[in-house]
file run.txt (compact mmCIF, C-alpha atoms)
# COMPACT_ATOMS: atom_id res chain seq x y z
CA MET A 1 -4.63 9.70 16.38
CA LYS A 2 -8.02 11.16 17.18
CA LEU A 3 -10.97 10.42 14.89
CA ASP A 4 -11.78 14.16 14.68
CA ASP A 5 -8.26 14.85 13.37
CA LEU A 6 -8.58 12.08 10.79
CA ARG A 7 -11.92 13.52 9.68
CA ARG A 8 -10.39 16.97 9.18
CA LEU A 9 -7.48 15.46 7.28
CA ASN A 10 -9.70 13.38 4.98
CA THR A 11 -12.15 16.24 4.39
CA ALA A 12 -9.29 18.49 3.21
CA ARG A 13 -7.88 15.71 1.01
CA HIS A 14 -11.25 15.07 -0.61
CA GLN A 15 -11.58 18.83 -1.30
CA ARG A 16 -8.18 18.78 -3.06
CA GLN A 17 -6.48 20.94 -0.41
CA THR A 18 -2.88 20.29 0.59
CA VAL A 19 -2.90 19.28 4.24
CA LEU A 20 -0.41 17.88 6.71
CA ARG A 21 -0.41 16.12 10.01
CA ILE A 22 2.28 16.68 12.62
CA THR A 23 2.86 13.78 15.00
CA ASP A 24 5.05 14.12 18.06
CA LEU A 25 6.73 10.70 18.06
CA HIS A 26 7.36 10.95 21.80
CA GLY A 27 3.64 10.63 22.40
CA GLY A 28 2.82 14.30 22.64
CA HIS A 29 0.25 16.30 20.74
CA ASP A 30 -0.85 15.74 17.19
CA SER A 31 -2.08 18.46 14.87
CA ILE A 32 -3.59 18.97 11.43
CA VAL A 33 -2.62 22.00 9.33
CA VAL A 34 -4.39 22.87 6.05
CA GLU A 35 -2.15 24.89 3.71
CA GLY A 36 -2.53 28.59 4.52
CA GLU A 37 -3.45 28.02 8.17
CA ALA A 38 -1.21 29.09 11.04
CA CYS A 39 0.74 26.43 12.93
CA ASP A 40 2.91 26.20 16.04
CA PRO A 41 5.69 28.81 15.39
CA LEU A 42 8.28 26.30 16.61
CA LEU A 43 7.36 24.08 13.67
CA ALA A 44 6.88 26.81 11.06
CA VAL A 45 10.07 26.05 9.08
CA PRO A 46 9.61 22.28 8.63
CA VAL A 47 5.89 22.80 7.94
CA LEU A 48 6.65 25.30 5.17
CA THR A 49 9.32 22.97 3.76
CA ALA A 50 6.83 20.08 3.72
CA PHE A 51 4.17 22.16 1.95
CA ARG A 52 6.73 23.29 -0.66
CA SER A 53 8.33 19.91 -1.30
CA GLY A 54 5.24 17.74 -0.91
CA LYS A 55 7.48 15.20 0.86
CA SER A 56 6.75 13.60 4.22
CA GLY A 57 9.60 13.21 6.72
CA SER A 58 10.88 13.55 10.28
CA SER A 59 12.23 16.70 11.94
CA GLU A 60 14.19 17.11 15.18
CA ILE A 61 13.11 20.23 17.04
CA ALA A 62 14.15 21.19 20.56
CA GLY A 63 15.08 17.60 21.38
CA ARG A 64 11.82 16.09 20.14
CA THR A 65 11.16 14.16 16.93
CA TYR A 66 8.15 15.09 14.85
CA PHE A 67 6.85 13.29 11.80
CA ILE A 68 5.25 15.57 9.22
CA ASP A 69 2.95 13.66 6.91
CA VAL A 70 2.00 15.89 3.97
CA GLN A 71 -0.90 14.98 1.71
CA VAL A 72 -0.79 16.64 -1.70
CA PRO A 73 -3.90 16.46 -3.93
CA PRO A 74 -3.46 13.75 -6.57
CA PRO A 75 -2.87 14.87 -10.14
CA GLN A 76 -6.05 14.97 -12.16
CA ILE A 77 -7.02 13.49 -15.50
CA VAL A 78 -9.79 15.15 -17.50
CA ILE A 79 -11.18 12.73 -20.07
CA ILE A 80 -13.15 14.17 -22.99
CA GLY A 81 -15.38 11.44 -24.39
CA ALA A 82 -17.50 8.93 -22.49
CA ALA A 83 -17.39 6.03 -24.97
CA HIS A 84 -15.93 2.60 -24.19
CA LEU A 85 -12.27 3.68 -24.04
CA GLY A 86 -13.18 6.52 -21.68
CA GLN A 87 -14.96 4.07 -19.35
CA VAL A 88 -11.97 1.75 -19.12
CA LEU A 89 -9.39 4.54 -18.82
CA ALA A 90 -11.41 6.26 -16.06
CA GLN A 91 -11.47 3.06 -13.97
CA MET A 92 -7.80 2.21 -14.46
CA ALA A 93 -6.64 5.77 -13.81
CA GLN A 94 -8.70 5.94 -10.62
CA LEU A 95 -7.01 2.76 -9.36
CA ALA A 96 -3.66 4.33 -10.22
CA GLY A 97 -4.47 7.17 -7.79
CA PHE A 98 -5.49 9.95 -10.16
CA ALA A 99 -8.52 12.18 -9.60
CA ILE A 100 -10.78 11.74 -12.64
CA ARG A 101 -13.34 13.91 -14.41
CA VAL A 102 -15.15 12.77 -17.54
CA ILE A 103 -16.80 15.31 -19.84
CA ASP A 104 -18.98 14.50 -22.84
CA PRO A 105 -21.90 16.59 -24.13
CA ARG A 106 -23.35 13.48 -25.83
CA THR A 107 -25.84 12.50 -23.17
CA ALA A 108 -26.26 8.99 -24.59
CA PHE A 109 -22.68 8.26 -23.52
CA ALA A 110 -22.41 10.40 -20.39
CA THR A 111 -24.70 8.44 -18.05
CA PRO A 112 -23.95 7.74 -14.39
CA GLN A 113 -24.74 4.03 -14.95
CA ARG A 114 -21.79 3.81 -17.33
CA PHE A 115 -19.47 5.67 -14.90
CA PRO A 116 -20.17 4.51 -11.34
CA ASN A 117 -18.18 6.49 -8.75
CA ILE A 118 -16.63 8.75 -11.42
CA GLU A 119 -17.23 12.51 -11.61
CA LEU A 120 -19.13 12.95 -14.86
CA CYS A 121 -20.40 16.03 -16.69
CA SER A 122 -22.59 16.16 -19.81
CA ASP A 123 -22.02 19.85 -20.62
CA TRP A 124 -19.79 21.14 -23.43
CA PRO A 125 -16.12 21.43 -22.41
CA ASP A 126 -16.05 25.26 -22.83
CA GLU A 127 -18.92 25.60 -20.34
CA VAL A 128 -17.24 23.26 -17.86
CA PHE A 129 -13.85 25.01 -18.09
CA SER A 130 -15.40 28.46 -17.54
CA THR A 131 -16.13 27.46 -13.95
CA ARG A 132 -13.45 24.78 -13.42
CA PRO A 133 -10.44 25.64 -15.57
CA LEU A 134 -7.65 23.23 -16.51
CA ASP A 135 -4.26 23.66 -14.81
CA ALA A 136 -0.66 22.40 -14.85
CA CYS A 137 -1.52 19.51 -12.46
CA THR A 138 -4.00 18.14 -14.97
CA ALA A 139 -3.66 15.71 -17.89
CA LEU A 140 -6.13 16.27 -20.73
CA VAL A 141 -7.13 13.26 -22.78
CA ALA A 142 -9.35 13.93 -25.81
CA LEU A 143 -11.11 10.71 -26.83
CA ALA A 144 -14.40 11.89 -28.39
CA HIS A 145 -12.96 11.42 -31.89
CA ASP A 146 -15.05 14.38 -33.00
CA GLN A 147 -13.40 17.73 -33.66
CA LYS A 148 -16.47 19.66 -32.48
CA ILE A 149 -15.94 18.15 -29.03
CA ASP A 150 -12.16 17.54 -28.89
CA ASP A 151 -10.58 20.63 -30.51
CA PHE A 152 -11.49 23.19 -27.86
CA PRO A 153 -10.24 21.17 -24.85
CA VAL A 154 -6.97 20.33 -26.62
CA ALA A 155 -6.37 24.03 -27.35
CA GLU A 156 -7.35 24.97 -23.81
CA ALA A 157 -4.99 22.33 -22.37
CA LEU A 158 -2.08 23.82 -24.33
CA ARG A 159 -2.96 27.31 -23.06
CA ALA A 160 -3.29 26.08 -19.45
CA GLY A 161 0.05 24.22 -19.52
CA CYS A 162 -1.44 20.81 -18.72
CA PHE A 163 1.38 18.35 -17.95
CA TYR A 164 -0.02 15.97 -20.57
CA VAL A 165 -2.15 16.59 -23.64
CA GLY A 166 -3.20 13.58 -25.71
CA ALA A 167 -5.71 13.20 -28.50
CA LEU A 168 -7.17 10.06 -30.03
CA GLY A 169 -7.00 9.73 -33.80
CA GLY A 170 -4.97 8.20 -36.61
CA ARG A 171 -2.05 9.98 -38.24
CA LYS A 172 -4.28 11.63 -40.85
CA SER A 173 -6.87 13.01 -38.43
CA HIS A 174 -4.07 14.10 -36.08
CA SER A 175 -2.33 16.02 -38.85
CA LEU A 176 -5.63 17.73 -39.77
CA ARG A 177 -6.08 18.63 -36.09
CA LEU A 178 -2.61 20.18 -36.01
CA GLN A 179 -3.44 22.23 -39.12
CA ARG A 180 -6.62 23.58 -37.49
CA LEU A 181 -4.75 24.47 -34.30
CA ALA A 182 -1.90 26.12 -36.27
CA ALA A 183 -4.52 28.22 -38.06
CA ASN A 184 -5.67 29.32 -34.59
CA GLY A 185 -2.21 30.66 -33.78
CA PHE A 186 -0.52 27.74 -31.96
CA SER A 187 3.23 27.45 -32.59
CA ALA A 188 5.05 24.31 -33.72
CA ALA A 189 6.44 23.95 -30.16
CA ASP A 190 2.90 24.05 -28.72
CA LEU A 191 1.68 21.49 -31.22
CA GLY A 192 4.66 19.24 -30.47
CA ARG A 193 3.32 18.85 -26.92
CA ILE A 194 0.21 17.00 -28.13
CA ARG A 195 0.62 13.22 -27.93
CA GLY A 196 -0.88 11.80 -31.10
CA PRO A 197 -1.37 9.05 -31.99
CA ILE A 198 -2.14 8.80 -28.30
CA GLY A 199 -0.43 6.35 -25.89
CA LEU A 200 2.95 4.62 -25.66
CA ASP A 201 3.61 2.38 -28.64
CA ILE A 202 3.08 -1.06 -27.07
CA GLY A 203 1.04 -2.47 -29.94
CA ALA A 204 -2.20 -2.08 -27.94
CA ILE A 205 -5.38 -3.60 -29.36
CA GLY A 206 -8.82 -2.79 -28.02
CA PRO A 207 -10.03 -0.31 -25.38
CA ALA A 208 -8.34 -1.88 -22.31
CA GLU A 209 -4.89 -2.16 -23.86
CA ILE A 210 -5.14 1.32 -25.37
CA ALA A 211 -6.12 2.63 -21.91
CA ILE A 212 -2.94 1.03 -20.50
CA ALA A 213 -0.85 2.70 -23.22
CA ILE A 214 -2.43 6.10 -22.45
CA LEU A 215 -2.12 5.72 -18.68
CA ALA A 216 1.55 4.70 -18.99
CA GLU A 217 2.21 7.75 -21.17
CA ILE A 218 0.51 10.02 -18.60
CA VAL A 219 2.58 8.54 -15.74
CA GLN A 220 5.75 8.98 -17.81
CA SER A 221 4.92 12.66 -18.46
CA LEU A 222 4.15 13.24 -14.79
CA ARG A 223 7.21 11.52 -13.30
CA ARG A 224 9.75 12.60 -15.89
CA ARG A 225 8.56 16.17 -15.48
CA SER A 226 8.99 15.94 -11.70
CA THR A 227 12.55 14.65 -12.14
CA ALA A 228 13.43 17.41 -14.57
CA ALA A 229 12.05 20.04 -12.19
CA THR A 230 14.09 18.84 -9.21
CA GLN A 231 17.39 18.46 -11.08
CA MET B 1 -16.58 9.74 4.99
CA ALA B 2 -17.09 6.94 2.50
CA ASP B 3 -15.91 8.23 -0.84
CA ALA B 4 -15.66 5.67 -3.60
CA SER B 5 -13.61 8.06 -5.73
CA PHE B 6 -10.66 7.20 -3.43
CA PRO B 7 -10.54 3.42 -3.86
CA HIS B 8 -8.18 1.48 -1.60
CA ASP B 9 -7.30 4.66 0.29
CA PRO B 10 -6.10 3.59 3.75
CA LEU B 11 -6.92 6.82 5.62
CA THR B 12 -10.46 6.87 4.21
CA THR B 13 -10.84 3.21 5.14
CA ALA B 14 -9.61 3.91 8.69
CA GLU B 15 -12.23 6.61 9.15
CA VAL B 16 -15.04 4.43 7.80
CA TRP B 17 -14.00 1.48 9.99
CA ARG B 18 -13.77 3.58 13.16
CA VAL B 19 -17.14 5.28 12.55
CA THR B 20 -18.75 1.86 12.17
CA GLY B 21 -17.40 0.84 15.56
CA ARG B 22 -14.30 -1.12 14.64
CA GLN B 23 -11.06 -0.72 16.60
CA VAL B 24 -8.36 0.57 14.28
CA ALA B 25 -4.58 1.05 14.26
CA ILE B 26 -2.71 3.20 11.73
CA ALA B 27 0.86 2.26 10.73
CA THR B 28 2.92 4.94 8.97
CA VAL B 29 6.33 4.67 7.31
CA ILE B 30 8.32 7.45 9.00
CA GLU B 31 11.81 6.81 7.63
CA THR B 32 13.45 4.69 4.94
CA TRP B 33 17.07 3.93 3.99
CA GLY B 34 18.28 2.23 0.87
CA SER B 35 15.92 0.18 -1.19
CA ALA B 36 12.38 0.60 0.15
CA PRO B 37 9.25 0.40 -1.98
CA CYS B 38 7.02 2.62 0.17
CA PRO B 39 8.18 6.19 0.86
CA PRO B 40 7.68 7.99 4.20
CA GLY B 41 4.01 8.81 4.62
CA SER B 42 2.80 5.42 3.30
CA HIS B 43 0.02 3.95 5.45
CA LEU B 44 -1.28 0.54 6.43
CA VAL B 45 -4.48 0.52 8.49
CA ILE B 46 -5.47 -2.51 10.51
CA ASP B 47 -8.55 -3.43 12.54
CA ARG B 48 -8.72 -5.67 15.63
CA ASP B 49 -9.64 -8.67 13.47
CA ALA B 50 -6.50 -8.17 11.33
CA ASN B 51 -8.35 -6.83 8.29
CA PHE B 52 -6.05 -4.34 6.60
CA GLU B 53 -5.78 -1.85 3.74
CA GLY B 54 -2.70 -0.12 2.29
CA SER B 55 1.00 -1.01 2.55
CA VAL B 56 4.21 -0.08 4.32
CA SER B 57 6.50 -2.36 2.29
CA GLY B 58 6.20 -4.59 -0.73
CA GLY B 59 4.49 -7.18 1.47
CA CYS B 60 7.69 -8.03 3.38
CA VAL B 61 6.83 -6.81 6.88
CA GLU B 62 3.04 -6.40 6.74
CA SER B 63 2.32 -9.57 8.73
CA GLU B 64 4.60 -8.43 11.56
CA VAL B 65 3.05 -4.95 11.57
CA ILE B 66 -0.46 -6.43 11.62
CA SER B 67 0.29 -8.56 14.69
CA GLU B 68 1.94 -5.60 16.48
CA ALA B 69 -1.13 -3.50 15.63
CA ALA B 70 -3.35 -5.75 17.75
CA GLU B 71 -1.13 -5.01 20.75
CA VAL B 72 -1.22 -1.26 20.05
CA ILE B 73 -5.03 -1.36 19.84
CA ASP B 74 -5.26 -3.24 23.15
CA SER B 75 -2.74 -1.12 25.05
CA GLY B 76 -3.59 2.23 23.42
CA THR B 77 0.14 3.00 23.43
CA ALA B 78 1.87 3.90 20.15
CA LYS B 79 5.11 2.19 19.20
CA THR B 80 7.87 2.49 16.63
CA LEU B 81 9.25 -0.56 14.82
CA GLU B 82 12.38 -0.75 12.74
CA PHE B 83 13.05 -3.39 10.11
CA GLY B 84 16.24 -4.03 8.19
CA VAL B 85 18.39 -6.82 6.82
CA SER B 86 20.45 -6.97 10.00
CA ASP B 87 17.32 -7.48 12.06
CA GLU B 88 16.65 -11.19 12.69
CA ARG B 89 12.94 -10.68 13.01
CA ALA B 90 12.76 -8.68 9.79
CA TRP B 91 14.81 -11.32 8.03
CA SER B 92 12.38 -13.97 9.17
CA VAL B 93 9.45 -12.01 7.74
CA GLY B 94 11.33 -11.44 4.54
CA LEU B 95 12.75 -7.91 4.20
CA SER B 96 15.61 -9.18 2.07
CA CYS B 97 15.65 -6.28 -0.38
CA GLY B 98 18.52 -4.56 1.43
CA GLY B 99 16.48 -1.63 2.70
CA ARG B 100 15.59 -0.47 6.19
CA ILE B 101 12.34 1.11 7.30
CA ARG B 102 10.98 2.62 10.50
CA ILE B 103 7.25 2.35 11.10
CA TYR B 104 5.09 4.15 13.66
CA ILE B 105 1.95 2.33 14.83
CA GLU B 106 -0.79 4.13 16.76
CA SER B 107 -4.41 3.50 17.57
CA LEU B 108 -7.26 5.61 16.19
CA VAL B 109 -9.33 6.80 19.14

call {"tool": "encode", "arguments": {"input": "run.txt", "output": "structure tokens"}}
result
Amino acid sequence: MKLDDLRRLNTARHQRQTVLRITDLHGGHDSIVVEGEACDPLLAVPVLTAFRSGKSGSSEIAGRTYFIDVQVPPPQIVIIGAAHLGQVLAQMAQLAGFAIRVIDPRTAFATPQRFPNIELCSDWPDEVFSTRPLDACTALVALAHDQKIDDFPVAEALRAGCFYVGALGGRKSHSLRLQRLAANGFSAADLGRIRGPIGLDIGAIGPAEIAIAILAEIVQSLRRRSTAATQ
Amino acid sequence: MADASFPHDPLTTAEVWRVTGRQVAIATVIETWGSAPCPPGSHLVIDRDANFEGSVSGGCVESEVISEAAEVIDSGTAKTLEFGVSDERAWSVGLSCGGRIRIYIESLV
């Protein structure tokens, strides 16, 4: 592999573009194709299949074997709330391969020193989403424990079809949240998609264990959804 | 490009290593059968001093791939390795999970 090809591949991956690399396993040419770009017409069908399925694999074409290595952007987790739990969850989720963004308008919490190597924003969620909206490949985790900060992103996550929507809070504050959202026109089915109390019930105590419970619940939503979609 | 938001990412590591002058090989899982922990497209990157990042199995065949990588770096010629339970060499390095994998090793130039 040539360094220039690897650079192109990594640049596309870091910009959250879907990109693939075609390797001729008989020692021939090697090429990088970013989704939407033209490729060798001979390879058009397996390339399209790889982009659609997101799965890497080999193809036999005209007596040669090609390996198509497709790199799909990792699912993203948007964390609302930069307190202790948000710090721990951001680190664990990054290790688990998710792209992470943390949003908290409380500038005392949202400092780069508390979130090294994590994308952090200290604007209000509605301002952030106006330029970078939520989408179906995103999990939204509301941890600010303050309805002024958490309610809007939870509602927006339901509207955007986020694959996971979770909100921190005890049963009482969760039920009050559901009442506020219902008053804003959300149906019972919409509200049923919000995970609250947040996280799998593993008896977690303290920020790190709660982060594990949340991360496990996010992975479950992501993988079970993928299975359902392919069946 | 060094990007800390992709921790333990083998392809990012390979680029950083090469740019800083290290000789690098990239191993890629290209096919699996049966029980195999790393799907096609999984990467292990190795430098000439046998430092490595990533995985192509659950640790079963990494040592074999790392020693083959040195040869690929020196010769500049890519090679394909296959490991499975029927393979004596694979058995000796521990792929006892019942799966088979094919791995392509190439140098980064």

call {"tool": "residues_around", "arguments": {"input": "run.txt", "residues": "segment 99-114 of chain A", "least_positions_apart": "3", "cutoff": "6 Å", "atoms": "all atoms listed in the file", "output": "PyMOL selection string"}}
result
chain A and resi 76-83+119-124

call {"tool": "closest_residue", "arguments": {"input": "run.txt", "among": "A:Arg52, A:Arg159, A:Arg177, A:Arg16", "to": "Pro75 of chain A", "atoms": "all atoms listed in the file"}}
result
A:Arg16

call {"tool": "interface_residues", "arguments": {"input": "run.txt", "of": "chain B", "to": "chain A", "cutoff": "8 Å", "atoms": "only C-alpha atoms", "output": "list in words"}}
result
Met1, Ala4, Ser5, Phe6, Pro7, His8, Leu11, Thr12, Glu15, Arg18, Ile30, Glu31, Pro40, Gly41, Ala78, Glu106, Ser107, Leu108 and Val109 of chain B

call {"tool": "atom_distance", "arguments": {"input": "run.txt", "atom1": "atom CA of Ala50 of chain B", "atom2": "atom CA of Ile66 of chain B"}}
result
6.3 Å

call {"tool": "axis_aligned_box", "arguments": {"input": "run.txt", "around": "segment 35-41 of chain B", "padding_each_side": "4 Å", "output": "JSON"}}
result
{"center_x": 10.0, "center_y": 4.5, "center_z": 1.3, "size_x": 19.9, "size_y": 16.6, "size_z": 14.6}

call {"tool": "closest_residue", "arguments": {"input": "run.txt", "among": "B:Val16, B:Ala70, B:Val61, B:Ile103", "to": "Asp49 of chain B", "atoms": "only C-alpha atoms"}}
result
B:Ala70

call {"tool": "residues_around", "arguments": {"input": "run.txt", "residues": "segment 161-176 of chain A", "least_positions_apart": "6", "cutoff": "8 Å", "atoms": "only C-alpha atoms", "output": "VMD selection string"}}
result
chain A and resid 134 to 145 150 154 193 to 199 218 221 to 222 225

call {"tool": "atom_distance", "arguments": {"input": "run.txt", "atom1": "atom CA of Pro37 of chain B", "atom2": "atom CA of Thr80 of chain B"}}
result
18.8 Å

call {"tool": "atom_distance", "arguments": {"input": "run.txt", "atom1": "atom CA of Gly84 of chain B", "atom2": "atom CA of Arg100 of chain B"}}
result
4.1 Å

call {"tool": "residues_around", "arguments": {"input": "run.txt", "residues": "Cys38 of chain B", "least_positions_apart": "5", "cutoff": "8 Å", "atoms": "all atoms listed in the file", "output": "mmCIF file with C-alpha atoms, in the frame of the given file"}}
result
data_model
loop_
_atom_site.group_PDB
_atom_site.id
_atom_site.type_symbol
_atom_site.label_atom_id
_atom_site.label_comp_id
_atom_site.auth_asym_id
_atom_site.auth_seq_id
_atom_site.Cartn_x
_atom_site.Cartn_y
_atom_site.Cartn_z
ATOM 1 C CA VAL B 29 6.330 4.670 7.310
ATOM 2 C CA SER B 55 1.000 -1.010 2.550
ATOM 3 C CA VAL B 56 4.210 -0.080 4.320
ATOM 4 C CA SER B 57 6.500 -2.360 2.290
ATOM 5 C CA GLY B 58 6.200 -4.590 -0.730
#

call {"tool": "closest_residue", "arguments": {"input": "run.txt", "among": "A:Ile22, A:Gly86, A:Leu158, A:Pro207", "to": "Gly185 of chain A", "atoms": "all atoms listed in the file"}}
result
A:Leu158

call {"tool": "build_atoms", "arguments": {"input": "run.txt", "residues": "segment 99-108 of chain B", "atoms": "all heavy atoms", "output": "mmCIF file, in the coordinates of the input"}}
result
data_model
loop_
_atom_site.group_PDB
_atom_site.id
_atom_site.type_symbol
_atom_site.label_atom_id
_atom_site.label_comp_id
_atom_site.auth_asym_id
_atom_site.auth_seq_id
_atom_site.Cartn_x
_atom_site.Cartn_y
_atom_site.Cartn_z
ATOM 1 N N GLY B 99 16.872 -2.919 2.146
ATOM 2 C CA GLY B 99 16.480 -1.630 2.700
ATOM 3 C C GLY B 99 16.225 -1.701 4.200
ATOM 4 O O GLY B 99 16.290 -2.775 4.814
ATOM 5 N N ARG B 100 16.000 -0.542 4.788
ATOM 6 C CA ARG B 100 15.590 -0.470 6.190
ATOM 7 C C ARG B 100 14.421 0.488 6.267
ATOM 8 O O ARG B 100 14.404 1.512 5.568
ATOM 9 C CB ARG B 100 16.745 0.055 7.050
ATOM 10 C CG ARG B 100 17.726 -1.010 7.474
ATOM 11 C CD ARG B 100 18.489 -0.561 8.711
ATOM 12 N NE ARG B 100 19.348 0.569 8.424
ATOM 13 C CZ ARG B 100 19.686 1.496 9.329
ATOM 14 N NH1 ARG B 100 19.195 1.449 10.558
ATOM 15 N NH2 ARG B 100 20.497 2.477 9.000
ATOM 16 N N ILE B 101 13.469 0.194 7.129
ATOM 17 C CA ILE B 101 12.340 1.110 7.300
ATOM 18 C C ILE B 101 11.998 1.236 8.777
ATOM 19 O O ILE B 101 12.204 0.308 9.562
ATOM 20 C CB ILE B 101 11.063 0.648 6.550
ATOM 21 C CG1 ILE B 101 10.770 -0.836 6.779
ATOM 22 C CG2 ILE B 101 11.148 0.951 5.080
ATOM 23 C CD1 ILE B 101 9.499 -1.294 6.087
ATOM 24 N N ARG B 102 11.480 2.408 9.137
ATOM 25 C CA ARG B 102 10.980 2.620 10.500
ATOM 26 C C ARG B 102 9.480 2.924 10.367
ATOM 27 O O ARG B 102 9.069 3.724 9.511
ATOM 28 C CB ARG B 102 11.713 3.789 11.154
ATOM 29 C CG ARG B 102 11.366 3.942 12.627
ATOM 30 C CD ARG B 102 12.169 5.041 13.272
ATOM 31 N NE ARG B 102 13.572 4.700 13.410
ATOM 32 C CZ ARG B 102 14.552 5.588 13.535
ATOM 33 N NH1 ARG B 102 14.271 6.878 13.510
ATOM 34 N NH2 ARG B 102 15.798 5.204 13.671
ATOM 35 N N ILE B 103 8.714 2.268 11.203
ATOM 36 C CA ILE B 103 7.250 2.350 11.100
ATOM 37 C C ILE B 103 6.658 2.717 12.458
ATOM 38 O O ILE B 103 7.017 2.131 13.487
ATOM 39 C CB ILE B 103 6.680 0.998 10.618
ATOM 40 C CG1 ILE B 103 7.170 0.709 9.189
ATOM 41 C CG2 ILE B 103 5.151 1.000 10.656
ATOM 42 C CD1 ILE B 103 6.907 -0.699 8.725
ATOM 43 N N TYR B 104 5.775 3.690 12.447
ATOM 44 C CA TYR B 104 5.090 4.150 13.660
ATOM 45 C C TYR B 104 3.677 3.580 13.649
ATOM 46 O O TYR B 104 2.962 3.709 12.653
ATOM 47 C CB TYR B 104 5.061 5.680 13.647
ATOM 48 C CG TYR B 104 4.405 6.353 14.826
ATOM 49 C CD1 TYR B 104 5.042 6.410 16.061
ATOM 50 C CD2 TYR B 104 3.165 6.980 14.689
ATOM 51 C CE1 TYR B 104 4.446 7.064 17.140
ATOM 52 C CE2 TYR B 104 2.568 7.635 15.756
ATOM 53 C CZ TYR B 104 3.219 7.668 16.977
ATOM 54 O OH TYR B 104 2.640 8.324 18.042
ATOM 55 N N ILE B 105 3.304 2.914 14.748
ATOM 56 C CA ILE B 105 1.950 2.330 14.830
ATOM 57 C C ILE B 105 1.208 2.986 15.985
ATOM 58 O O ILE B 105 1.730 3.053 17.101
ATOM 59 C CB ILE B 105 1.988 0.805 15.071
ATOM 60 C CG1 ILE B 105 2.940 0.124 14.082
ATOM 61 C CG2 ILE B 105 0.588 0.216 14.937
ATOM 62 C CD1 ILE B 105 3.043 -1.385 14.301
ATOM 63 N N GLU B 106 0.005 3.459 15.727
ATOM 64 C CA GLU B 106 -0.790 4.130 16.760
ATOM 65 C C GLU B 106 -2.237 3.677 16.627
ATOM 66 O O GLU B 106 -2.647 3.200 15.560
ATOM 67 C CB GLU B 106 -0.710 5.660 16.569
ATOM 68 C CG GLU B 106 -1.380 6.063 15.276
ATOM 69 C CD GLU B 106 -1.026 7.459 14.797
ATOM 70 O OE1 GLU B 106 -1.171 8.400 15.594
ATOM 71 O OE2 GLU B 106 -0.639 7.600 13.628
ATOM 72 N N SER B 107 -2.993 3.853 17.696
ATOM 73 C CA SER B 107 -4.410 3.500 17.570
ATOM 74 C C SER B 107 -5.213 4.745 17.213
ATOM 75 O O SER B 107 -4.809 5.878 17.495
ATOM 76 C CB SER B 107 -4.921 2.869 18.871
ATOM 77 O OG SER B 107 -4.739 3.770 19.928
ATOM 78 N N LEU B 108 -6.344 4.513 16.557
ATOM 79 C CA LEU B 108 -7.260 5.610 16.190
ATOM 80 C C LEU B 108 -8.329 5.647 17.272
ATOM 81 O O LEU B 108 -9.056 4.668 17.454
ATOM 82 C CB LEU B 108 -7.860 5.332 14.815
ATOM 83 C CG LEU B 108 -8.876 6.349 14.290
ATOM 84 C CD1 LEU B 108 -8.257 7.726 14.135
ATOM 85 C CD2 LEU B 108 -9.450 5.872 12.947
#
